[in-house]
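S.K.: My structure is in start37.cif, and what it holds is mmCIF, N, CA and C atoms and all ligand atoms:
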```
data_upload
#
loop_
_atom_site.label_atom_id
_atom_site.label_comp_id
_atom_site.auth_asym_id
_atom_site.auth_seq_id
_atom_site.Cartn_x
_atom_site.Cartn_y
_atom_site.Cartn_z
N MET A 13 98.22 95.38 94.34
CA MET A 13 96.93 94.72 94.59
C MET A 13 96.55 94.91 96.06
N PRO A 14 95.27 95.25 96.32
CA PRO A 14 94.87 95.46 97.72
C PRO A 14 94.94 94.16 98.52
N CYS A 15 95.13 94.32 99.81
CA CYS A 15 95.20 93.16 100.71
C CYS A 15 93.85 92.45 100.73
N LEU A 16 93.85 91.15 100.48
CA LEU A 16 92.61 90.36 100.42
C LEU A 16 91.81 90.49 101.72
N PHE A 17 92.47 90.35 102.86
CA PHE A 17 91.71 90.37 104.12
C PHE A 17 91.26 91.78 104.47
N CYS A 18 92.02 92.82 104.07
CA CYS A 18 91.51 94.20 104.23
C CYS A 18 90.24 94.38 103.40
N GLU A 19 90.20 93.77 102.23
CA GLU A 19 89.01 93.87 101.38
C GLU A 19 87.82 93.18 102.03
N ILE A 20 88.04 92.02 102.64
CA ILE A 20 86.95 91.31 103.33
C ILE A 20 86.50 92.10 104.55
N VAL A 21 87.48 92.61 105.32
CA VAL A 21 87.16 93.42 106.51
C VAL A 21 86.28 94.61 106.12
N ALA A 22 86.59 95.22 104.97
CA ALA A 22 85.86 96.42 104.53
C ALA A 22 84.53 96.07 103.86
N GLY A 23 84.27 94.76 103.67
CA GLY A 23 83.02 94.34 103.03
C GLY A 23 83.04 94.46 101.52
N ARG A 24 84.24 94.65 100.95
CA ARG A 24 84.33 94.79 99.50
C ARG A 24 84.50 93.45 98.79
N ARG A 25 84.81 92.42 99.57
CA ARG A 25 84.84 91.05 99.01
C ARG A 25 84.00 90.18 99.93
N PRO A 26 83.31 89.18 99.34
CA PRO A 26 82.40 88.37 100.15
C PRO A 26 83.15 87.36 101.03
N ALA A 27 82.53 87.03 102.13
CA ALA A 27 83.02 85.96 102.99
C ALA A 27 81.83 85.45 103.79
N ARG A 28 81.93 84.21 104.21
CA ARG A 28 80.86 83.63 105.06
C ARG A 28 81.15 84.01 106.50
N MET A 29 80.58 85.15 106.90
CA MET A 29 80.90 85.75 108.20
C MET A 29 80.35 84.91 109.37
N VAL A 30 81.12 84.83 110.41
CA VAL A 30 80.73 84.16 111.65
C VAL A 30 80.51 85.20 112.74
N PHE A 31 81.33 86.24 112.74
CA PHE A 31 81.30 87.24 113.81
C PHE A 31 82.02 88.47 113.32
N ASP A 32 81.56 89.63 113.80
CA ASP A 32 82.39 90.83 113.59
C ASP A 32 82.08 91.84 114.68
N ASP A 33 83.10 92.60 115.06
CA ASP A 33 82.91 93.74 115.95
C ASP A 33 83.86 94.84 115.50
N ASP A 34 84.08 95.82 116.36
CA ASP A 34 84.90 96.96 115.92
C ASP A 34 86.38 96.61 115.80
N GLN A 35 86.79 95.47 116.35
CA GLN A 35 88.20 95.09 116.35
C GLN A 35 88.56 94.00 115.35
N LEU A 36 87.64 93.05 115.15
CA LEU A 36 88.00 91.86 114.37
C LEU A 36 86.80 91.30 113.62
N VAL A 37 87.09 90.50 112.62
CA VAL A 37 86.05 89.75 111.92
C VAL A 37 86.45 88.27 111.93
N ALA A 38 85.44 87.41 111.86
CA ALA A 38 85.68 85.96 111.76
C ALA A 38 84.81 85.42 110.64
N PHE A 39 85.41 84.59 109.78
CA PHE A 39 84.66 84.03 108.66
C PHE A 39 85.20 82.64 108.34
N HIS A 40 84.39 81.85 107.62
CA HIS A 40 84.79 80.49 107.26
C HIS A 40 85.89 80.53 106.20
N ASP A 41 86.91 79.70 106.39
CA ASP A 41 87.98 79.57 105.41
C ASP A 41 87.40 79.03 104.11
N ILE A 42 87.86 79.57 102.99
CA ILE A 42 87.34 79.17 101.67
C ILE A 42 87.80 77.76 101.29
N ASN A 43 88.85 77.28 101.93
CA ASN A 43 89.41 75.96 101.61
C ASN A 43 89.61 75.20 102.93
N PRO A 44 88.49 74.77 103.54
CA PRO A 44 88.57 74.26 104.91
C PRO A 44 89.41 72.99 105.04
N GLN A 45 90.21 72.96 106.09
CA GLN A 45 91.09 71.82 106.37
C GLN A 45 90.53 70.93 107.47
N ALA A 46 89.35 71.26 107.94
CA ALA A 46 88.66 70.48 108.98
C ALA A 46 87.18 70.85 108.89
N PRO A 47 86.29 70.04 109.49
CA PRO A 47 84.86 70.36 109.43
C PRO A 47 84.55 71.79 109.88
N THR A 48 85.24 72.26 110.91
CA THR A 48 85.19 73.68 111.28
C THR A 48 86.55 74.30 110.98
N HIS A 49 86.57 75.32 110.16
CA HIS A 49 87.81 76.06 109.87
C HIS A 49 87.42 77.53 109.70
N VAL A 50 87.63 78.26 110.76
CA VAL A 50 87.26 79.68 110.80
C VAL A 50 88.54 80.50 110.91
N LEU A 51 88.57 81.63 110.22
CA LEU A 51 89.70 82.56 110.33
C LEU A 51 89.26 83.78 111.12
N LEU A 52 90.09 84.17 112.08
CA LEU A 52 89.84 85.39 112.86
C LEU A 52 90.87 86.43 112.42
N VAL A 53 90.37 87.57 111.99
CA VAL A 53 91.21 88.57 111.33
C VAL A 53 91.00 89.92 112.00
N PRO A 54 92.05 90.56 112.49
CA PRO A 54 91.88 91.91 113.03
C PRO A 54 91.54 92.90 111.92
N ARG A 55 90.70 93.87 112.23
CA ARG A 55 90.40 94.90 111.23
C ARG A 55 91.66 95.68 110.86
N LYS A 56 92.55 95.85 111.83
CA LYS A 56 93.81 96.56 111.59
C LYS A 56 94.72 95.69 110.72
N HIS A 57 95.30 96.28 109.68
CA HIS A 57 96.24 95.52 108.86
C HIS A 57 97.56 95.37 109.60
N ILE A 58 97.89 94.14 109.95
CA ILE A 58 99.20 93.80 110.51
C ILE A 58 99.72 92.70 109.58
N THR A 59 100.89 92.92 109.00
CA THR A 59 101.31 92.04 107.91
C THR A 59 101.58 90.62 108.37
N SER A 60 102.25 90.44 109.50
CA SER A 60 102.50 89.09 110.00
C SER A 60 102.85 89.17 111.48
N LEU A 61 103.06 88.01 112.09
CA LEU A 61 103.48 87.97 113.49
C LEU A 61 104.75 88.80 113.72
N LEU A 62 105.59 88.89 112.69
CA LEU A 62 106.84 89.65 112.83
C LEU A 62 106.60 91.13 113.03
N ASP A 63 105.39 91.58 112.72
CA ASP A 63 105.07 93.01 112.80
C ASP A 63 104.22 93.36 114.02
N LEU A 64 103.93 92.38 114.86
CA LEU A 64 103.13 92.65 116.07
C LEU A 64 103.91 93.60 116.97
N ALA A 65 103.23 94.64 117.45
CA ALA A 65 103.86 95.64 118.31
C ALA A 65 103.24 95.55 119.71
N PRO A 66 103.91 96.12 120.71
CA PRO A 66 103.34 96.08 122.07
C PRO A 66 101.91 96.63 122.12
N GLU A 67 101.60 97.63 121.29
CA GLU A 67 100.23 98.18 121.35
C GLU A 67 99.19 97.22 120.77
N ASP A 68 99.65 96.11 120.18
CA ASP A 68 98.72 95.10 119.65
C ASP A 68 98.41 94.00 120.66
N ASP A 69 98.97 94.10 121.85
CA ASP A 69 98.79 93.02 122.84
C ASP A 69 97.31 92.75 123.13
N ALA A 70 96.54 93.81 123.33
CA ALA A 70 95.12 93.62 123.65
C ALA A 70 94.39 92.99 122.47
N LEU A 71 94.74 93.42 121.27
CA LEU A 71 94.12 92.88 120.06
C LEU A 71 94.43 91.39 119.91
N ALA A 72 95.68 91.02 120.14
CA ALA A 72 96.06 89.60 120.04
C ALA A 72 95.30 88.78 121.08
N GLY A 73 95.16 89.33 122.26
CA GLY A 73 94.40 88.63 123.31
C GLY A 73 92.94 88.48 122.91
N SER A 74 92.37 89.52 122.31
CA SER A 74 90.96 89.45 121.88
C SER A 74 90.77 88.39 120.81
N LEU A 75 91.73 88.27 119.91
CA LEU A 75 91.63 87.26 118.85
C LEU A 75 91.56 85.86 119.45
N VAL A 76 92.45 85.61 120.40
CA VAL A 76 92.50 84.28 121.02
C VAL A 76 91.22 84.01 121.82
N ARG A 77 90.78 84.99 122.58
CA ARG A 77 89.61 84.75 123.42
C ARG A 77 88.36 84.63 122.57
N LYS A 78 88.26 85.41 121.49
CA LYS A 78 87.09 85.28 120.61
C LYS A 78 87.10 83.93 119.89
N ALA A 79 88.28 83.46 119.51
CA ALA A 79 88.37 82.13 118.89
C ALA A 79 87.86 81.08 119.87
N ARG A 80 88.24 81.20 121.12
CA ARG A 80 87.74 80.28 122.16
C ARG A 80 86.22 80.34 122.24
N ASP A 81 85.66 81.56 122.22
CA ASP A 81 84.20 81.72 122.29
C ASP A 81 83.51 81.06 121.09
N ILE A 82 84.07 81.28 119.91
CA ILE A 82 83.47 80.69 118.69
C ILE A 82 83.57 79.17 118.75
N ALA A 83 84.70 78.66 119.21
CA ALA A 83 84.87 77.21 119.35
C ALA A 83 83.78 76.66 120.28
N ARG A 84 83.57 77.36 121.36
CA ARG A 84 82.54 76.91 122.31
C ARG A 84 81.16 76.98 121.67
N ASP A 85 80.87 78.09 120.99
CA ASP A 85 79.56 78.25 120.33
C ASP A 85 79.33 77.16 119.30
N MET A 86 80.40 76.70 118.67
CA MET A 86 80.27 75.67 117.63
C MET A 86 80.37 74.26 118.22
N GLY A 87 80.39 74.18 119.53
CA GLY A 87 80.35 72.87 120.19
C GLY A 87 81.66 72.12 120.19
N LEU A 88 82.78 72.86 120.00
CA LEU A 88 84.08 72.20 119.92
C LEU A 88 84.77 72.07 121.27
N ASP A 89 84.18 72.64 122.30
CA ASP A 89 84.89 72.67 123.59
C ASP A 89 85.02 71.28 124.21
N GLU A 90 84.07 70.40 123.91
CA GLU A 90 84.13 69.08 124.54
C GLU A 90 85.24 68.22 123.93
N ARG A 91 85.30 68.16 122.60
CA ARG A 91 86.28 67.29 121.92
C ARG A 91 87.62 67.96 121.70
N GLY A 92 87.60 69.28 121.63
CA GLY A 92 88.84 70.02 121.44
C GLY A 92 88.95 70.67 120.08
N PHE A 93 89.94 71.50 119.96
CA PHE A 93 90.16 72.29 118.73
C PHE A 93 91.59 72.78 118.73
N ARG A 94 91.97 73.43 117.64
CA ARG A 94 93.35 73.95 117.54
C ARG A 94 93.33 75.37 117.00
N LEU A 95 94.16 76.23 117.56
CA LEU A 95 94.39 77.58 117.04
C LEU A 95 95.78 77.62 116.43
N VAL A 96 95.87 78.18 115.23
CA VAL A 96 97.15 78.23 114.50
C VAL A 96 97.36 79.62 113.92
N MET A 97 98.57 80.13 114.07
CA MET A 97 98.99 81.33 113.34
C MET A 97 100.25 80.98 112.57
N ASN A 98 100.15 81.02 111.26
CA ASN A 98 101.32 80.76 110.44
C ASN A 98 102.15 82.04 110.29
N CYS A 99 103.42 81.85 109.96
CA CYS A 99 104.29 82.99 109.71
C CYS A 99 105.41 82.54 108.77
N GLY A 100 105.48 83.15 107.61
CA GLY A 100 106.60 82.90 106.71
C GLY A 100 106.42 81.67 105.83
N ASP A 101 107.37 81.51 104.92
CA ASP A 101 107.28 80.48 103.88
C ASP A 101 107.24 79.07 104.45
N ASP A 102 108.08 78.77 105.44
CA ASP A 102 108.12 77.41 105.97
C ASP A 102 106.78 77.00 106.57
N ALA A 103 106.03 77.96 107.04
CA ALA A 103 104.71 77.66 107.63
C ALA A 103 103.60 77.72 106.60
N GLY A 104 103.94 78.08 105.36
CA GLY A 104 102.93 78.16 104.32
C GLY A 104 102.07 79.41 104.40
N TYR A 105 102.61 80.45 105.02
CA TYR A 105 101.85 81.71 105.15
C TYR A 105 101.56 82.25 103.76
N SER A 106 100.26 82.52 103.47
CA SER A 106 99.92 82.88 102.09
C SER A 106 99.14 84.19 101.98
N VAL A 107 98.44 84.61 103.02
CA VAL A 107 97.74 85.90 103.00
C VAL A 107 98.41 86.79 104.05
N TYR A 108 99.04 87.85 103.56
CA TYR A 108 99.90 88.66 104.44
C TYR A 108 99.12 89.74 105.17
N HIS A 109 98.15 89.27 105.95
CA HIS A 109 97.38 90.08 106.91
C HIS A 109 97.12 89.09 108.04
N ILE A 110 97.63 89.41 109.20
CA ILE A 110 97.67 88.42 110.29
C ILE A 110 96.29 87.80 110.54
N HIS A 111 96.27 86.51 110.82
CA HIS A 111 95.01 85.81 111.06
C HIS A 111 95.26 84.58 111.91
N LEU A 112 94.22 84.22 112.64
CA LEU A 112 94.26 83.06 113.52
C LEU A 112 93.31 82.01 112.95
N HIS A 113 93.83 80.80 112.72
CA HIS A 113 92.98 79.70 112.25
C HIS A 113 92.37 79.00 113.46
N LEU A 114 91.07 78.75 113.40
CA LEU A 114 90.38 77.89 114.36
C LEU A 114 89.97 76.62 113.61
N LEU A 115 90.53 75.49 114.06
CA LEU A 115 90.29 74.21 113.40
C LEU A 115 89.70 73.22 114.39
N GLY A 116 88.69 72.49 113.94
CA GLY A 116 88.12 71.48 114.83
C GLY A 116 87.10 70.63 114.10
N GLY A 117 86.57 69.66 114.82
CA GLY A 117 85.55 68.78 114.27
C GLY A 117 86.09 67.47 113.74
N ARG A 118 87.40 67.28 113.85
CA ARG A 118 88.00 65.98 113.52
C ARG A 118 89.26 65.84 114.37
N ARG A 119 89.80 64.61 114.40
CA ARG A 119 91.07 64.38 115.09
C ARG A 119 92.18 65.08 114.32
N LEU A 120 92.94 65.93 114.97
CA LEU A 120 94.03 66.67 114.31
C LEU A 120 95.35 66.03 114.68
N GLU A 121 96.17 65.76 113.68
CA GLU A 121 97.45 65.08 113.92
C GLU A 121 98.45 66.02 114.59
N TRP A 122 99.35 65.42 115.33
CA TRP A 122 100.48 66.15 115.89
C TRP A 122 101.70 65.27 115.81
N PRO A 123 102.85 65.70 115.29
CA PRO A 123 103.09 67.07 114.80
C PRO A 123 102.35 67.33 113.50
N PRO A 124 102.05 68.61 113.21
CA PRO A 124 101.40 68.94 111.96
C PRO A 124 102.33 68.72 110.79
N GLY A 125 101.81 68.54 109.61
CA GLY A 125 102.60 68.26 108.43
C GLY A 125 103.44 69.42 107.98
P1 LIG A 201 97.72 81.11 105.75
O1 LIG A 201 98.26 79.96 104.93
O2 LIG A 201 97.94 80.96 107.21
O3 LIG A 201 98.18 82.44 105.20
O4 LIG A 201 96.15 81.04 105.58
C1 LIG A 201 95.44 81.73 104.62
C2 LIG A 201 94.07 81.10 104.57
O5 LIG A 201 93.18 81.97 103.91
C3 LIG A 201 94.04 79.77 103.83
O6 LIG A 201 93.58 78.74 104.70
C4 LIG A 201 93.06 80.04 102.67
O7 LIG A 201 92.26 78.93 102.37
C5 LIG A 201 92.26 81.20 103.20
N1 LIG A 201 91.64 82.05 102.20
C6 LIG A 201 92.23 82.53 101.09
N2 LIG A 201 91.37 83.32 100.40
C7 LIG A 201 90.20 83.32 101.12
C8 LIG A 201 88.93 83.93 100.94
N3 LIG A 201 88.66 84.72 99.89
N4 LIG A 201 87.97 83.70 101.88
C9 LIG A 201 88.22 82.91 102.93
N5 LIG A 201 89.41 82.31 103.16
C10 LIG A 201 90.39 82.50 102.27
ZN ZN A 202 95.24 93.75 105.17
#
```
What would the structure in this file look like if it were written as structure tokens?
M.R.:
Amino acid sequence: MPCLFCEIVAGRRPARMVFDDDQLVAFHDINPQAPTHVLLVPRKHITSLLDLAPEDDALAGSLVRKARDIARDMGLDERGFRLVMNCGDDAGYSVYHIHLHLLGGRRLEWPPG
């Protein structure tokens, strides 16, 4: 079965897009865990954090900085927000194409469940 996020990146499956450029796409999570829940996904298929290579450093930095920009655009900079990257079963990783969650718009508990 093709990778779900590769399919969204290629435009073959629908998503509520927030942003896209030549490196990454950002879209609303289909099952939001907060009033704002956006996923930032690199166009390049990287299976998980365990597969990040040194040549991905700039891409990883772009993901984080773009998430910050989107948070600011959505007015989350004043109250705060959270960026999350899951990895593996214990973290509940379910789509095996690396992605960064941007969560905000409510009080987020710590430690997470
Ligand atoms: P993770 O548990 O870190 O692998 O996160 C995967 C996320 O992808 C979950 O929050 C899902 O709700 C979300 N998701 C799964 N399918 C879709 C989809 N078709 N469009 C948008 N988000 C999705
Ligand atoms: Zn993929």
S.K.: Using only N, CA and C atoms and all ligand atoms, pick whichever of A:Glu19, A:Asp41, A:Asp32, A:Asp68 has the shortest atom-to-atom distance to ligand LIG 201 (chain A).
M.R.: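 Looking only at the distances to ligand LIG 201 (chain A), the closest residue turns out to be A:Asp41.
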S.K.: Per residue of chain A within 10 Å of ligand ZN 202 (chain A), note the shortest atom pair and the distance in Å to one decimal, counting only C-alpha atoms and all ligand atoms, and order the rows by chain and increasing residue number, as CSV.
M.R.:
```
residue,atom,partner,partner_atom,distance
A:Pro14,CA,A:ZN202,ZN,7.7
A:Cys15,CA,A:ZN202,ZN,4.5
A:Leu16,CA,A:ZN202,ZN,6.4
A:Phe17,CA,A:ZN202,ZN,5.0
A:Cys18,CA,A:ZN202,ZN,3.9
A:Glu19,CA,A:ZN202,ZN,7.3
A:Ile20,CA,A:ZN202,ZN,8.8
A:Val21,CA,A:ZN202,ZN,8.2
A:Ala22,CA,A:ZN202,ZN,9.8
A:Val53,CA,A:ZN202,ZN,9.0
A:Pro54,CA,A:ZN202,ZN,8.7
A:Arg55,CA,A:ZN202,ZN,7.8
A:Lys56,CA,A:ZN202,ZN,7.2
A:His57,CA,A:ZN202,ZN,4.2
A:Ile58,CA,A:ZN202,ZN,6.6
A:Thr59,CA,A:ZN202,ZN,6.9
A:Ser60,CA,A:ZN202,ZN,9.9
A:Val107,CA,A:ZN202,ZN,8.5
A:Tyr108,CA,A:ZN202,ZN,6.9
A:His109,CA,A:ZN202,ZN,4.6
A:Ile110,CA,A:ZN202,ZN,7.8
A:His111,CA,A:ZN202,ZN,9.9
```
S.K.: Step by step, measure atom-to-atom distances between ligand LIG 201 (chain A) and each residue using only C-alpha atoms and all ligand atoms, keep those at most 9 Å, then write them as number ranges by chain.
M.R.: A: 16-17, 20, 25-28, 39-45, 49-51, 96-100, 103-113
S.K.: Rounded to one decimal, what separation in Å do you get between CA of Leu52 in chain A and CA of Leu95 in chain A?
M.R.: 10.0 Å
S.K.: I'd like the interatomic distance between CA of Glu67 in chain A and atom N of Phe31 in chain A, to a tenth of an Å.
M.R.: 24.0 Å
S.K.: Please indicate the distance in Å from CA of Gly125 in chain A to CA of Met29 in chain A, rounded to one decimal place.
M.R.: 27.9 Å
S.K.: Please determine an axis-aligned box that encloses all atoms of range 97-112 of chain A listed in the file, with 4 Å added on each side, and express its centre and edge lengths in Å to one decimal as AutoDock Vina command-line options.
M.R.:
```
--center_x 100.7 --center_y 83.5 --center_z 108.0 --size_x 22.8 --size_y 21.1 --size_z 20.1
```
S.K.: Mind the document's chain letters and residue numbers, and return as a PyMOL selection string the residues of range 44-123 of chain A that DSSP labels alpha helix (DSSP H).
M.R.: chain A and resi 69-85
S.K.: Which residue out of A:Ile82, A:Ala65, A:Ser74, A:Gly92 has the minimum interatomic distance to Gly116 in chain A when all atoms listed in the file are used?
M.R.: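 Between A:Ile82, A:Ala65, A:Ser74, A:Gly92, the residue approaching Gly116 in chain A most closely is A:Gly92.
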